[in-house]
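Asks: Before I ask anything, let me first share the structure, which is written out below as structure tokens.
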Amino acid sequence: MWNNNPQAMLNALLQPWHDAVQDPLKAQQAVLHRLLAIYAQTGYGQQHGAAHVGSVEDYRRAFPVATYEDYKPLIERVMAGEVGLLLHEEPIGWAITRGTTKGESKFIPMTPTDLRMRVSAGRAMMNYVATSGRFDLFQGVNLNLNFPSVVGKVRVGEREVEYGYSSGIYTKYVSAQTPIRSVPAQEEIDALGGGKTARDWEARFELAYQKCKEENVTLVGGVVMTALRFGRYLRRRHGVYPKQLWQTQVMTLGSAPGINTRYAPALQALYGRVAIREIYGTTEGMFGQQRDEQRAWVPNYDLFFFEVQTRSGLKMLHEMRRGELGSLVVSTPVLPRYKIGDLILALRPPYFRCIGRDHWWTPLSYAWDEFRTLNLGRL
């Protein structure tokens with residue numbers, strides 16, 4: 001299907017995103033109604049009267065803003081077998097965060113609906129191809145540096161639950177639906193185990209090198225710090241830079257603020273004159289991605305429901321003024337009105353940046369980075 005008319009396929013996949021960006025109010029209302037239909041099938045949603053909610057105002061009155069600590073007791077009950085408490089379908093996997101909440105990893109269930117939505121992470125790459133005409137990207141492979149989809153097991157009640165990282169789970173289940181092959185296969189990464197030591201990562205990097213050294217790597221996707229570590233590993237272990245092995249076209253990277261400013265020089269020193277496209281994704285979902293040369297991401301208004309807590313009160317994400325900061329509250333198929341703990345900066349519509357975690361010092365740190373990199377608020 002992709003080989004017959006790739007431009008038409010790209011347009012069909014990208015158009016819902018572009019339409020939503022053009023009219024975010026309409027898109028967000030449609031998303032809310034879709035999510036409410038899901039919530040009405042869960043115990044938590046029924047407790048809060050999801051079936052009787054008809055507007056954004058009703059939604060805010062019926063469902064409280066909740067943090068992970070608020071949801072944690074419910075999530076533990078779901079892990080113990082009460083699936084219908086938060087989910088309208090069986091989980092396909094359990095994802096853990098790379099960061100921590102009060103010293104502990106967060107456990108987030110991933111459902112089939114959720115996984116289908118995570119295909120949106122490919123929009124950055126697809127829009128790059130659609131606008132540049134570089135369809136030869138699909139003739140290469142994606143360098144798979146993702147984390148393992150299975151790290152271990154945890155016992156909850158009478159059940160043992162496998163868990164892993166969301167990027168690995170996503171790649172394992174959804175990569176077949178994308179037009180570019182990922183190498184190494186996620187199953188090969190998983191076979192090395194879920195260890196997190198330097199030796200464990202060197203084993204994964206060596207696997208990636210051996211599997212890809214004769215391949216045409218046109219895309220690198222994943223966590224920015226892992227991409228940097230892999231490039232440095234190749235130089236240290238094999239005496240070669242990635243740019244000497246491959247003519248990579250684009251890198252779609254996430255999991256850290258400042259990818260286009262703070263990390264771009266190091267990435268291009270390792271990988272060459274590559275286009276960098278930022279992904280704003282977390283364990284809970286893929287919320288936005290870079291659309292063009294403007295160095296910020298554009299929300300997936302057609303997939304998730306976005307609110308922000310600002311100094312002037314609670315508002316929709318698309319209602320933020322340029323230069324305004326807010327703490328993101330996102331509604332996903334699993335978590336209604338989830339305060340994710342990230343600070344979002346509104347730039348010229350429809351562009352945003354996540355500048356870091358919701359701490360008082362984060363704006364100061366961001367301002368210093370902007371000054372140090374001479375970016376000074378430029379897109």
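Every chain in the structure tokens takes a letter, A first, then B, and so on in the order presented; its residues are numbered from 1, and the ligands are numbered from 1 following the presented order.
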At a cut-off of 7 Å, using only C-alpha atoms, what residues contact range 324-338 of chain A? Leave out same-chain residues fewer than 5 positions from it and give the result as a list in words.
Replies: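 In the requested form, the answer reads Leu35, Ile38, Pro64, Val65, Ala66, Thr67, Leu86, Leu87, Asp114, Phe304, Phe305, Phe306, Glu307, Val308, Gln309, Thr310, Leu343, Ile344, Leu345, Ala346 and Asp358 of chain A.
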Asks: Quick one: DSSP alpha helix (DSSP H) residues in range 28-230 of chain A, as a ChimeraX atom specification?
Replies: /A:28-39,43-47,56-62,68-79,112-117,123-132,166-174,186-190,198-212,224-230
Asks: Using only C-alpha atoms, which of A:His18, A:Arg123, A:Arg199, A:Arg181 sits nearest Val217 in chain A?
Replies: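 Among the listed residues, A:Arg181 lies closest to Val217 in chain A.
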Asks: Quick one: residues within 10 Å of Pro91 in chain A, only C-alpha atoms counted, chain neighbours fewer than 6 positions away excluded, as a PyMOL selection string?
Replies: chain A and resi 78-79+83+108-114
Asks: Just to be explicit: take each residue in the selection above, keep C-alpha atoms, and write the result as a short mmCIF file (atom, residue, chain, number, x, y, z; two decimals), in the first residue's frame.
Replies:
```
data_model
loop_
_atom_site.label_atom_id
_atom_site.label_comp_id
_atom_site.auth_asym_id
_atom_site.auth_seq_id
_atom_site.Cartn_x
_atom_site.Cartn_y
_atom_site.Cartn_z
CA VAL A 78 -5.98 -2.65 38.22
CA MET A 79 -2.64 -4.47 38.38
CA VAL A 83 -9.13 -4.03 35.12
CA ILE A 108 1.14 2.97 33.59
CA PRO A 109 -1.09 0.45 31.77
CA MET A 110 -0.97 0.50 27.96
CA THR A 111 -4.10 -0.60 26.12
CA PRO A 112 -4.74 -1.41 22.44
CA THR A 113 -6.47 1.97 22.03
CA ASP A 114 -3.54 3.70 23.66
#
```
Asks: Per residue of range 226-338 of chain A within 9 Å of range 128-149 of chain A, record the nearest atom pair and its distance in Å to one decimal, counting only C-alpha atoms, with rows in chain order and ascending residue number, as JSON lines.
Replies:
```
{"residue": "A:Thr226", "atom": "CA", "partner": "A:Leu145", "partner_atom": "CA", "distance": 7.0}
{"residue": "A:Ala227", "atom": "CA", "partner": "A:Leu145", "partner_atom": "CA", "distance": 7.1}
{"residue": "A:Phe230", "atom": "CA", "partner": "A:Leu145", "partner_atom": "CA", "distance": 8.2}
{"residue": "A:Thr248", "atom": "CA", "partner": "A:Leu137", "partner_atom": "CA", "distance": 8.7}
{"residue": "A:Gln249", "atom": "CA", "partner": "A:Leu137", "partner_atom": "CA", "distance": 7.1}
{"residue": "A:Val250", "atom": "CA", "partner": "A:Tyr128", "partner_atom": "CA", "distance": 8.1}
{"residue": "A:Ala275", "atom": "CA", "partner": "A:Tyr128", "partner_atom": "CA", "distance": 8.7}
{"residue": "A:Arg277", "atom": "CA", "partner": "A:Tyr128", "partner_atom": "CA", "distance": 8.5}
{"residue": "A:Arg291", "atom": "CA", "partner": "A:Tyr128", "partner_atom": "CA", "distance": 7.6}
{"residue": "A:Asp292", "atom": "CA", "partner": "A:Tyr128", "partner_atom": "CA", "distance": 7.1}
```
Asks: Leaving out range 163-172 of chain A and any residue of its chain fewer than 6 positions from it, which residues lie within 9 Å of it when counting only C-alpha atoms, given as a PDB file with N, CA and C atoms, in the first residue's frame?
Replies:
```
ATOM      1  N   ILE A  92      -2.402  -4.261  27.259  1.00  0.00           N
ATOM      2  CA  ILE A  92      -1.513  -5.044  26.419  1.00  0.00           C
ATOM      3  C   ILE A  92      -0.100  -5.057  26.984  1.00  0.00           C
ATOM      4  N   GLY A  93       0.156  -4.172  27.930  1.00  0.00           N
ATOM      5  CA  GLY A  93       1.454  -4.113  28.585  1.00  0.00           C
ATOM      6  C   GLY A  93       1.441  -3.098  29.707  1.00  0.00           C
ATOM      7  N   TRP A  94       2.462  -3.174  30.563  1.00  0.00           N
ATOM      8  CA  TRP A  94       2.615  -2.216  31.672  1.00  0.00           C
ATOM      9  C   TRP A  94       3.935  -1.483  31.482  1.00  0.00           C
ATOM     10  N   ALA A  95       3.839  -0.158  31.401  1.00  0.00           N
ATOM     11  CA  ALA A  95       5.022   0.661  31.168  1.00  0.00           C
ATOM     12  C   ALA A  95       5.483   1.291  32.474  1.00  0.00           C
ATOM     13  N   ILE A  96       6.807   1.401  32.619  1.00  0.00           N
ATOM     14  CA  ILE A  96       7.377   2.109  33.763  1.00  0.00           C
ATOM     15  C   ILE A  96       8.113   3.341  33.257  1.00  0.00           C
ATOM     16  N   THR A  97       8.195   4.328  34.120  1.00  0.00           N
ATOM     17  CA  THR A  97       8.888   5.557  33.769  1.00  0.00           C
ATOM     18  C   THR A  97      10.388   5.389  33.954  1.00  0.00           C
ATOM     19  N   ARG A  98      11.142   6.136  33.141  1.00  0.00           N
ATOM     20  CA  ARG A  98      12.585   6.197  33.346  1.00  0.00           C
ATOM     21  C   ARG A  98      12.912   7.113  34.511  1.00  0.00           C
ATOM     22  N   PHE A 107       4.003   3.119  37.302  1.00  0.00           N
ATOM     23  CA  PHE A 107       3.478   2.048  36.457  1.00  0.00           C
ATOM     24  C   PHE A 107       2.240   2.573  35.740  1.00  0.00           C
ATOM     25  N   ILE A 108       2.248   2.481  34.404  1.00  0.00           N
ATOM     26  CA  ILE A 108       1.140   2.974  33.594  1.00  0.00           C
ATOM     27  C   ILE A 108       0.676   1.851  32.663  1.00  0.00           C
ATOM     28  N   MET A 110      -0.830   0.158  29.376  1.00  0.00           N
ATOM     29  CA  MET A 110      -0.972   0.496  27.961  1.00  0.00           C
ATOM     30  C   MET A 110      -2.006  -0.430  27.346  1.00  0.00           C
ATOM     31  N   LEU A 115      -2.123   2.216  22.349  1.00  0.00           N
ATOM     32  CA  LEU A 115      -1.041   1.908  21.414  1.00  0.00           C
ATOM     33  C   LEU A 115      -1.326   2.441  20.018  1.00  0.00           C
ATOM     34  N   ARG A 118      -0.384   5.948  19.875  1.00  0.00           N
ATOM     35  CA  ARG A 118       1.057   6.222  19.921  1.00  0.00           C
ATOM     36  C   ARG A 118       1.711   6.185  18.547  1.00  0.00           C
ATOM     37  N   VAL A 119       0.983   5.713  17.542  1.00  0.00           N
ATOM     38  CA  VAL A 119       1.488   5.809  16.177  1.00  0.00           C
ATOM     39  C   VAL A 119       1.740   7.272  15.813  1.00  0.00           C
ATOM     40  N   ASN A 144      17.025   1.319  15.864  1.00  0.00           N
ATOM     41  CA  ASN A 144      16.208   1.103  17.054  1.00  0.00           C
ATOM     42  C   ASN A 144      17.088   1.117  18.301  1.00  0.00           C
ATOM     43  N   ASN A 146      15.650   1.871  21.281  1.00  0.00           N
ATOM     44  CA  ASN A 146      14.643   1.938  22.335  1.00  0.00           C
ATOM     45  C   ASN A 146      15.002   1.054  23.527  1.00  0.00           C
ATOM     46  N   PHE A 147      14.381   1.388  24.639  1.00  0.00           N
ATOM     47  CA  PHE A 147      14.541   0.628  25.873  1.00  0.00           C
ATOM     48  C   PHE A 147      13.799  -0.707  25.746  1.00  0.00           C
ATOM     49  N   PRO A 148      14.106  -1.701  26.592  1.00  0.00           N
ATOM     50  CA  PRO A 148      13.436  -3.002  26.506  1.00  0.00           C
ATOM     51  C   PRO A 148      11.936  -2.907  26.787  1.00  0.00           C
ATOM     52  N   SER A 149      11.163  -3.747  26.096  1.00  0.00           N
ATOM     53  CA  SER A 149       9.723  -3.788  26.349  1.00  0.00           C
ATOM     54  C   SER A 149       9.394  -4.649  27.563  1.00  0.00           C
ATOM     55  N   VAL A 150      10.339  -5.483  27.983  1.00  0.00           N
ATOM     56  CA  VAL A 150      10.170  -6.297  29.191  1.00  0.00           C
ATOM     57  C   VAL A 150      11.410  -6.112  30.059  1.00  0.00           C
ATOM     58  N   VAL A 151      11.209  -5.596  31.250  1.00  0.00           N
ATOM     59  CA  VAL A 151      12.311  -5.366  32.183  1.00  0.00           C
ATOM     60  C   VAL A 151      12.266  -6.356  33.339  1.00  0.00           C
ATOM     61  N   GLY A 152      11.067  -6.697  33.781  1.00  0.00           N
ATOM     62  CA  GLY A 152      10.933  -7.607  34.899  1.00  0.00           C
ATOM     63  C   GLY A 152       9.476  -7.888  35.196  1.00  0.00           C
ATOM     64  N   LYS A 153       9.234  -8.428  36.368  1.00  0.00           N
ATOM     65  CA  LYS A 153       7.883  -8.737  36.824  1.00  0.00           C
ATOM     66  C   LYS A 153       7.690  -8.187  38.220  1.00  0.00           C
ATOM     67  N   VAL A 154       6.459  -7.822  38.521  1.00  0.00           N
ATOM     68  CA  VAL A 154       6.116  -7.377  39.865  1.00  0.00           C
ATOM     69  C   VAL A 154       4.884  -8.147  40.310  1.00  0.00           C
ATOM     70  N   SER A 182      12.370  -1.235  11.679  1.00  0.00           N
ATOM     71  CA  SER A 182      13.249  -0.923  12.802  1.00  0.00           C
ATOM     72  C   SER A 182      14.268  -2.036  12.989  1.00  0.00           C
ATOM     73  N   ALA A 185      15.376  -5.659  15.746  1.00  0.00           N
ATOM     74  CA  ALA A 185      13.997  -5.910  16.138  1.00  0.00           C
ATOM     75  C   ALA A 185      13.872  -5.788  17.655  1.00  0.00           C
ATOM     76  N   GLN A 186      12.702  -5.368  18.109  1.00  0.00           N
ATOM     77  CA  GLN A 186      12.521  -5.182  19.544  1.00  0.00           C
ATOM     78  C   GLN A 186      12.725  -6.489  20.315  1.00  0.00           C
ATOM     79  N   GLU A 187      12.359  -7.603  19.717  1.00  0.00           N
ATOM     80  CA  GLU A 187      12.551  -8.890  20.380  1.00  0.00           C
ATOM     81  C   GLU A 187      14.039  -9.185  20.612  1.00  0.00           C
ATOM     82  N   ILE A 189      16.326  -6.860  21.189  1.00  0.00           N
ATOM     83  CA  ILE A 189      16.705  -6.011  22.315  1.00  0.00           C
ATOM     84  C   ILE A 189      16.225  -6.634  23.623  1.00  0.00           C
ATOM     85  N   ASP A 190      14.992  -7.102  23.627  1.00  0.00           N
ATOM     86  CA  ASP A 190      14.428  -7.716  24.836  1.00  0.00           C
ATOM     87  C   ASP A 190      15.222  -8.934  25.277  1.00  0.00           C
ATOM     88  N   GLY A 194      16.683  -6.810  30.852  1.00  0.00           N
ATOM     89  CA  GLY A 194      16.241  -5.474  31.237  1.00  0.00           C
ATOM     90  C   GLY A 194      17.200  -4.708  32.118  1.00  0.00           C
ATOM     91  N   GLY A 222      13.866   7.954  19.131  1.00  0.00           N
ATOM     92  CA  GLY A 222      13.940   7.484  20.508  1.00  0.00           C
ATOM     93  C   GLY A 222      14.310   8.573  21.484  1.00  0.00           C
ATOM     94  N   VAL A 223      15.086   8.205  22.490  1.00  0.00           N
ATOM     95  CA  VAL A 223      15.466   9.102  23.584  1.00  0.00           C
ATOM     96  C   VAL A 223      16.754   9.822  23.212  1.00  0.00           C
ATOM     97  N   THR A 282       5.583  11.016  26.729  1.00  0.00           N
ATOM     98  CA  THR A 282       5.884  10.520  28.061  1.00  0.00           C
ATOM     99  C   THR A 282       5.396   9.081  28.149  1.00  0.00           C
ATOM    100  N   THR A 283       5.580   8.465  29.292  1.00  0.00           N
ATOM    101  CA  THR A 283       5.066   7.110  29.481  1.00  0.00           C
ATOM    102  C   THR A 283       3.555   7.075  29.306  1.00  0.00           C
ATOM    103  N   GLU A 284       2.893   8.186  29.583  1.00  0.00           N
ATOM    104  CA  GLU A 284       1.428   8.230  29.526  1.00  0.00           C
ATOM    105  C   GLU A 284       0.875   8.444  28.125  1.00  0.00           C
ATOM    106  N   GLY A 285       1.699   8.919  27.188  1.00  0.00           N
ATOM    107  CA  GLY A 285       1.193   9.134  25.838  1.00  0.00           C
ATOM    108  C   GLY A 285       2.117   9.980  24.994  1.00  0.00           C
TER     109      GLY A 285
END
```
Asks: Which one of A:Arg235, A:Arg372, A:Arg357, A:Arg204 sits closest to Arg262 in chain A if you count only C-alpha atoms?
Replies: A:Arg372
Asks: For Ile259 in chain A, which residue among A:Pro179, A:Gly356, A:Gly81, A:Gly193 is the nearest when counting only C-alpha atoms?
Replies: A:Gly356
Asks: Taking only C-alpha atoms into account, name the residue in A:Arg232, A:Arg116, A:Leu74, A:Gly323 that is nearest to Thr42 in chain A.
Replies: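 Using only C-alpha atoms, Thr42 in chain A sits closest to A:Leu74.
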